[in-house]
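Only one structure is covered here, and it is reproduced in the block below.
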Amino acid sequence: MVAKIIKTKLEEGAWIRQMFTEGQKLSAKFGADQVFDFSLGNPTLEPPLAFKNAALKILASEESGLHRYMDAHGLRDVRAYLAEKLSQEHQLPFTFHHITLCVGAGGGLNIVLKALLNPGDEVVILQPFFPEYRNYIANHGGVVREVATTRDFQIDFAALEAALCAETCAVLINSPNNPSGAVYSASDLRTLGDLLFKKSLGRQTPIYLITDEPYSKILFDEALFAPPIRYYEHTILVTSYSKALAIPGERIGYVALSPTCHDCADLVQALSWSQLALGFVNAPALMQRIIPVIGDQYVDIAPYQRNRDILWEHFQKLGVECVKPQGAFYIFPRTPIADDGVFACEALSERLVFVPGRAFGVPNHVRISFCFETEKILRSLKALANVFQCGRERKLQRADAPSL
C-alpha cells in the first residue's frame, strides 16, 4: 500500500508526469523528430571536450583507491580547490571546511534542509519556483510559504517582508530562475540581505538565505550574475555542474557555507550527518576528481542565446505576453486562455509538449525549455504560432459571445 502522503504528492505532481508521459506517447507514435517536447530541462549539448578528456585520464590512472568511500563532505583536495576559488571570487575566507560536495543541487538542497529544519519551520520560496522545492521542504518536516513576485518575476519586497514571521527558518531563492529566466540584480540582493538582517534581529537563530545557483553560468545580453553570498552573512550556496557542463545525469554539485554564517561549525557537522542519513553517503568519486581538472571550462551558451532570441522574437510577433529571459534556458509565456492546464493539453494536438505554469506556482503560463538543437526550435515555430493564435481566437470568441 502506497503511503497516503506519497499518493497526495503524486496527485499534486500529475501535470508534470502527465506531460512527460504524453510526450513519450507522441514520440512513439510519430517519431521523436516529429514531436516538440520542451517539457524538461535536459540539455542536448554535449559536455566540453575537457570534461571527457579529464574523465578518461582519471579512469586510465593506476592510482589505487580512486573509487572508494571518502569523508561524507567529499575529497579534501577538491574542497580546498573550490574554497580557494570562492575566496577569490567573493573576498570571503573560505576553507575546505565550508565546502560539502553533494549529489547534484537537489541532493545539496536536501542535506541543507535536513540540517536546518525543525518540524513546522517555514521556508519561503518565490513564485515561480522549481516544483521540487515543495517536496524537498516537506521531506524534512518544513512548511512551504509561497510569495508572489512582481509581474516581471523580480522580488516583491513588500510581499516578502509580510511573509517573514517567527516560524521562518529560511528563504530559498533561485537566480537565474527556473522557469522564468529572471536574474536578480546586485541592488535587489543587497536589499534582500538588509531585510533578512533586520528580520533576524532578536532571534535566537537568524533567517538563513539558501541560494540555488545551477544556472549561474548561463546568462544572456551581458547580464551579470550577482552572488547572493556577498550580500548576507547567513547565506548557504547550493549549486551543481549539471547545466554549466551539460552533465545533469552525473549528479555532482556542492554546498558552500558562508564563513560568516551563524553556527557555521555546527552546520558543517550537520551537513555531514545529513549526507549519511539521507543515504547519499558521498558525491560520486569520479565526478569530484574531474572538477579541479577542468577548471573554468563550461559549455558554450551561444546556442542557448540563439534559441532564446528565436523564441522571444517569435512571441513578440505573435503578440504573446512574455518576460524576456536573462538567464537559464527556459521561457515562460502567458497563455491566451486562463486555464494553462487545458492549454498545455490542447498543444499536444500540435505535437508540442510543455509544462503548465501552475506546476511552478504561477498559473496562466507555460514553461518552454529551449536547451535543444536550434533546428528543432525553428521547426516548432509554426506549431507554436498555431496553438497560441488558436487560443487567442477562442478567448475572443468567448468575449464576443452574447450573454444569455
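The chains in the C-alpha cells are called A, B, ... from first to last as shown; in each chain the residues are counted from 1, and the ligands are counted from 1 in the order shown.
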
List as a VMD selection string the protein and nucleic acid residues near Glu373 (chain A), meaning an atom at most 10 Å away when only C-alpha atoms are counted, but skip any in the same chain fewer than 3 places from it.
chain A and resid 43 to 45 303 to 304 307 370 376 to 378

Per-residue nearest contacts region 309-338 of chain A to region 149-169 of chain A, cut-off 12 Å, using only C-alpha atoms, as a tab-separated table:
```
residue	atom	partner	partner_atom	distance
A:Glu321	CA	A:Asp152	CA	10.7
A:Cys322	CA	A:Asp152	CA	8.7
A:Val323	CA	A:Asp152	CA	6.0
A:Lys324	CA	A:Asp152	CA	8.8
A:Pro325	CA	A:Asp152	CA	9.8
A:Gln326	CA	A:Asp152	CA	11.3
A:Phe332	CA	A:Phe153	CA	10.4
A:Pro333	CA	A:Asp152	CA	11.2
A:Arg334	CA	A:Arg151	CA	11.0
```

With distances taken over only C-alpha atoms, which residue among A:Glu122, A:Glu62, A:Asp71, A:Glu46 lies nearest Leu276 (chain A)?
A:Asp71

Who sits within 10 Å of Leu86 (chain A), only C-alpha atoms, same chain under 6 positions skipped, as a list of chain:residue names
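Counting only C-alpha atoms, the residues come to A:Ala80, A:Leu92, A:Pro93, A:Phe94, A:Thr95, A:Ile99, A:Ala256, A:Ser258.
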
Written file, previous selection with N, CA and C atoms, as a PDB file, in the first residue's frame:
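New file result-v8.pdb:
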```
ATOM      1  N   ALA A  80      39.254  21.963  -1.108  1.00  0.00           N
ATOM      2  CA  ALA A  80      40.228  23.059  -0.968  1.00  0.00           C
ATOM      3  C   ALA A  80      40.311  23.873  -2.254  1.00  0.00           C
ATOM      4  N   LEU A  92      35.894  36.341   0.589  1.00  0.00           N
ATOM      5  CA  LEU A  92      35.499  35.771   1.878  1.00  0.00           C
ATOM      6  C   LEU A  92      36.475  34.637   2.202  1.00  0.00           C
ATOM      7  N   PRO A  93      36.775  34.433   3.489  1.00  0.00           N
ATOM      8  CA  PRO A  93      37.812  33.455   3.867  1.00  0.00           C
ATOM      9  C   PRO A  93      37.316  32.000   3.893  1.00  0.00           C
ATOM     10  N   PHE A  94      36.940  31.478   2.739  1.00  0.00           N
ATOM     11  CA  PHE A  94      36.513  30.085   2.659  1.00  0.00           C
ATOM     12  C   PHE A  94      37.703  29.150   2.910  1.00  0.00           C
ATOM     13  N   THR A  95      37.437  28.039   3.571  1.00  0.00           N
ATOM     14  CA  THR A  95      38.388  26.936   3.659  1.00  0.00           C
ATOM     15  C   THR A  95      37.653  25.664   3.248  1.00  0.00           C
ATOM     16  N   ILE A  99      32.975  23.628   2.592  1.00  0.00           N
ATOM     17  CA  ILE A  99      32.504  23.023   1.348  1.00  0.00           C
ATOM     18  C   ILE A  99      32.082  21.575   1.580  1.00  0.00           C
ATOM     19  N   ALA A 256      28.214  25.395  -0.205  1.00  0.00           N
ATOM     20  CA  ALA A 256      29.231  26.257   0.396  1.00  0.00           C
ATOM     21  C   ALA A 256      28.581  27.110   1.481  1.00  0.00           C
ATOM     22  N   SER A 258      28.719  30.202   3.939  1.00  0.00           N
ATOM     23  CA  SER A 258      29.477  31.436   4.116  1.00  0.00           C
ATOM     24  C   SER A 258      30.309  31.323   5.390  1.00  0.00           C
TER      25      SER A 258
END
```

Taking the chain letters and numbering used in this document, name the residues of region 47-276 of chain A that DSSP puts in alpha helix (DSSP H), as a PDB file with C-alpha atoms, in the first residue's frame.
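Ended up saving to result-v6.pdb:
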```
ATOM      1  CA  LEU A  49      35.903  18.124 -24.589  1.00  0.00           C
ATOM      2  CA  ALA A  50      37.878  18.952 -21.441  1.00  0.00           C
ATOM      3  CA  PHE A  51      35.306  17.048 -19.387  1.00  0.00           C
ATOM      4  CA  LYS A  52      35.637  13.906 -21.484  1.00  0.00           C
ATOM      5  CA  ASN A  53      39.442  14.111 -21.521  1.00  0.00           C
ATOM      6  CA  ALA A  54      39.565  14.566 -17.745  1.00  0.00           C
ATOM      7  CA  ALA A  55      37.316  11.544 -17.187  1.00  0.00           C
ATOM      8  CA  LEU A  56      39.412   9.374 -19.491  1.00  0.00           C
ATOM      9  CA  LYS A  57      42.652  10.481 -17.837  1.00  0.00           C
ATOM     10  CA  ILE A  58      41.369   9.715 -14.349  1.00  0.00           C
ATOM     11  CA  LEU A  59      39.924   6.362 -15.361  1.00  0.00           C
ATOM     12  CA  ALA A  60      43.229   5.379 -17.008  1.00  0.00           C
ATOM     13  CA  ARG A  76      39.626  17.280   0.752  1.00  0.00           C
ATOM     14  CA  ASP A  77      41.770  18.474  -2.157  1.00  0.00           C
ATOM     15  CA  VAL A  78      38.687  19.150  -4.298  1.00  0.00           C
ATOM     16  CA  ARG A  79      37.029  21.041  -1.452  1.00  0.00           C
ATOM     17  CA  ALA A  80      40.228  23.059  -0.968  1.00  0.00           C
ATOM     18  CA  TYR A  81      40.260  23.892  -4.682  1.00  0.00           C
ATOM     19  CA  LEU A  82      36.659  25.132  -4.523  1.00  0.00           C
ATOM     20  CA  ALA A  83      37.308  27.080  -1.319  1.00  0.00           C
ATOM     21  CA  GLU A  84      40.237  28.923  -2.900  1.00  0.00           C
ATOM     22  CA  LYS A  85      38.162  29.677  -5.977  1.00  0.00           C
ATOM     23  CA  LEU A  86      35.246  31.019  -3.914  1.00  0.00           C
ATOM     24  CA  SER A  87      37.590  33.077  -1.728  1.00  0.00           C
ATOM     25  CA  GLN A  88      38.979  34.804  -4.797  1.00  0.00           C
ATOM     26  CA  GLU A  89      35.535  35.395  -6.302  1.00  0.00           C
ATOM     27  CA  HIS A  90      33.824  36.729  -3.173  1.00  0.00           C
ATOM     28  CA  GLY A 104      23.663  17.499  -7.588  1.00  0.00           C
ATOM     29  CA  ALA A 105      21.864  20.625  -6.401  1.00  0.00           C
ATOM     30  CA  GLY A 106      18.832  18.517  -5.478  1.00  0.00           C
ATOM     31  CA  GLY A 107      20.938  16.453  -3.112  1.00  0.00           C
ATOM     32  CA  GLY A 108      22.550  19.619  -1.793  1.00  0.00           C
ATOM     33  CA  LEU A 109      19.224  21.290  -1.034  1.00  0.00           C
ATOM     34  CA  ASN A 110      18.010  18.183   0.774  1.00  0.00           C
ATOM     35  CA  ILE A 111      21.020  17.923   3.065  1.00  0.00           C
ATOM     36  CA  VAL A 112      20.801  21.659   3.834  1.00  0.00           C
ATOM     37  CA  LEU A 113      17.099  21.467   4.677  1.00  0.00           C
ATOM     38  CA  LYS A 114      17.661  18.294   6.721  1.00  0.00           C
ATOM     39  CA  ALA A 115      20.340  20.127   8.675  1.00  0.00           C
ATOM     40  CA  LEU A 116      18.259  23.254   9.305  1.00  0.00           C
ATOM     41  CA  GLU A 132      10.582  20.045  -6.341  1.00  0.00           C
ATOM     42  CA  TYR A 133      11.173  22.746  -3.706  1.00  0.00           C
ATOM     43  CA  ARG A 134       7.811  21.840  -2.220  1.00  0.00           C
ATOM     44  CA  ASN A 135       8.827  18.199  -1.915  1.00  0.00           C
ATOM     45  CA  TYR A 136      12.303  18.930  -0.603  1.00  0.00           C
ATOM     46  CA  ILE A 137      10.908  21.125   2.175  1.00  0.00           C
ATOM     47  CA  ALA A 138       8.169  18.635   3.076  1.00  0.00           C
ATOM     48  CA  ASN A 139      10.768  15.836   3.160  1.00  0.00           C
ATOM     49  CA  PHE A 157       9.911  43.152  -1.110  1.00  0.00           C
ATOM     50  CA  ALA A 158       6.620  44.225   0.470  1.00  0.00           C
ATOM     51  CA  ALA A 159       5.139  40.770  -0.108  1.00  0.00           C
ATOM     52  CA  LEU A 160       8.305  39.085   1.119  1.00  0.00           C
ATOM     53  CA  GLU A 161       8.526  41.151   4.281  1.00  0.00           C
ATOM     54  CA  ALA A 162       4.877  40.398   5.072  1.00  0.00           C
ATOM     55  CA  ALA A 163       5.580  36.668   4.765  1.00  0.00           C
ATOM     56  CA  ALA A 186      23.040  43.158  -7.052  1.00  0.00           C
ATOM     57  CA  SER A 187      20.926  46.039  -5.780  1.00  0.00           C
ATOM     58  CA  ASP A 188      17.946  43.794  -5.066  1.00  0.00           C
ATOM     59  CA  LEU A 189      20.123  41.180  -3.397  1.00  0.00           C
ATOM     60  CA  ARG A 190      21.651  43.839  -1.190  1.00  0.00           C
ATOM     61  CA  THR A 191      18.132  44.962  -0.247  1.00  0.00           C
ATOM     62  CA  LEU A 192      17.219  41.331   0.422  1.00  0.00           C
ATOM     63  CA  GLY A 193      20.238  40.943   2.688  1.00  0.00           C
ATOM     64  CA  ASP A 194      19.314  44.097   4.600  1.00  0.00           C
ATOM     65  CA  LEU A 195      15.731  42.855   5.030  1.00  0.00           C
ATOM     66  CA  LEU A 196      16.806  39.444   6.336  1.00  0.00           C
ATOM     67  CA  PHE A 197      19.308  41.074   8.688  1.00  0.00           C
ATOM     68  CA  LYS A 198      16.588  43.337  10.091  1.00  0.00           C
ATOM     69  CA  LYS A 199      14.130  40.466  10.476  1.00  0.00           C
ATOM     70  CA  SER A 200      16.772  38.315  12.184  1.00  0.00           C
ATOM     71  CA  CYS A 264      28.989  27.513  10.907  1.00  0.00           C
ATOM     72  CA  ALA A 265      30.918  24.758  12.714  1.00  0.00           C
ATOM     73  CA  ASP A 266      27.696  23.062  13.813  1.00  0.00           C
ATOM     74  CA  LEU A 267      26.264  23.309  10.299  1.00  0.00           C
ATOM     75  CA  VAL A 268      29.365  21.657   8.860  1.00  0.00           C
ATOM     76  CA  GLN A 269      28.804  18.655  11.116  1.00  0.00           C
ATOM     77  CA  ALA A 270      25.065  18.650  10.383  1.00  0.00           C
ATOM     78  CA  LEU A 271      25.654  18.525   6.636  1.00  0.00           C
ATOM     79  CA  SER A 272      27.946  15.529   7.029  1.00  0.00           C
ATOM     80  CA  TRP A 273      25.397  13.705   9.168  1.00  0.00           C
ATOM     81  CA  SER A 274      22.575  14.590   6.749  1.00  0.00           C
ATOM     82  CA  GLN A 275      24.561  13.305   3.775  1.00  0.00           C
ATOM     83  CA  LEU A 276      24.865   9.935   5.524  1.00  0.00           C
TER      84      LEU A 276
END
```

Could you tell me which of A:Asn42, A:Thr205, A:Ser185, A:Thr211 comes closest to Ile173 (chain A) if we count only C-alpha atoms?
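Nearest to Ile173 (chain A): A:Thr211.
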
Using only C-alpha atoms, which residues sit within 10 Å of Gly253 (chain A) once same-chain residues fewer than 3 positions away are excluded, as a PyMOL selection string?
chain A and resi 100-108+214+238-242+250+283-284+287-288+291

Considering only C-alpha atoms, return as a PyMOL selection string whatever protein or nucleic-acid residues lie within 8 Å of Ala338 (chain A), sequence-local ones (same chain, fewer than 3 positions apart) excluded.
chain A and resi 335+363-364

Restricting the calculation to only C-alpha atoms: of A:Phe343, A:Tyr254, A:Phe354, A:Phe360, which residue gets closest to Val387 (chain A)?
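Closest to Val387 (chain A) of all the choices is A:Phe343.
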
Could you go through region 120-342 of chain A and tell me which residues DSSP, when run on the backbone, assigns to strand (DSSP E), listing them as a count of residues only?
35
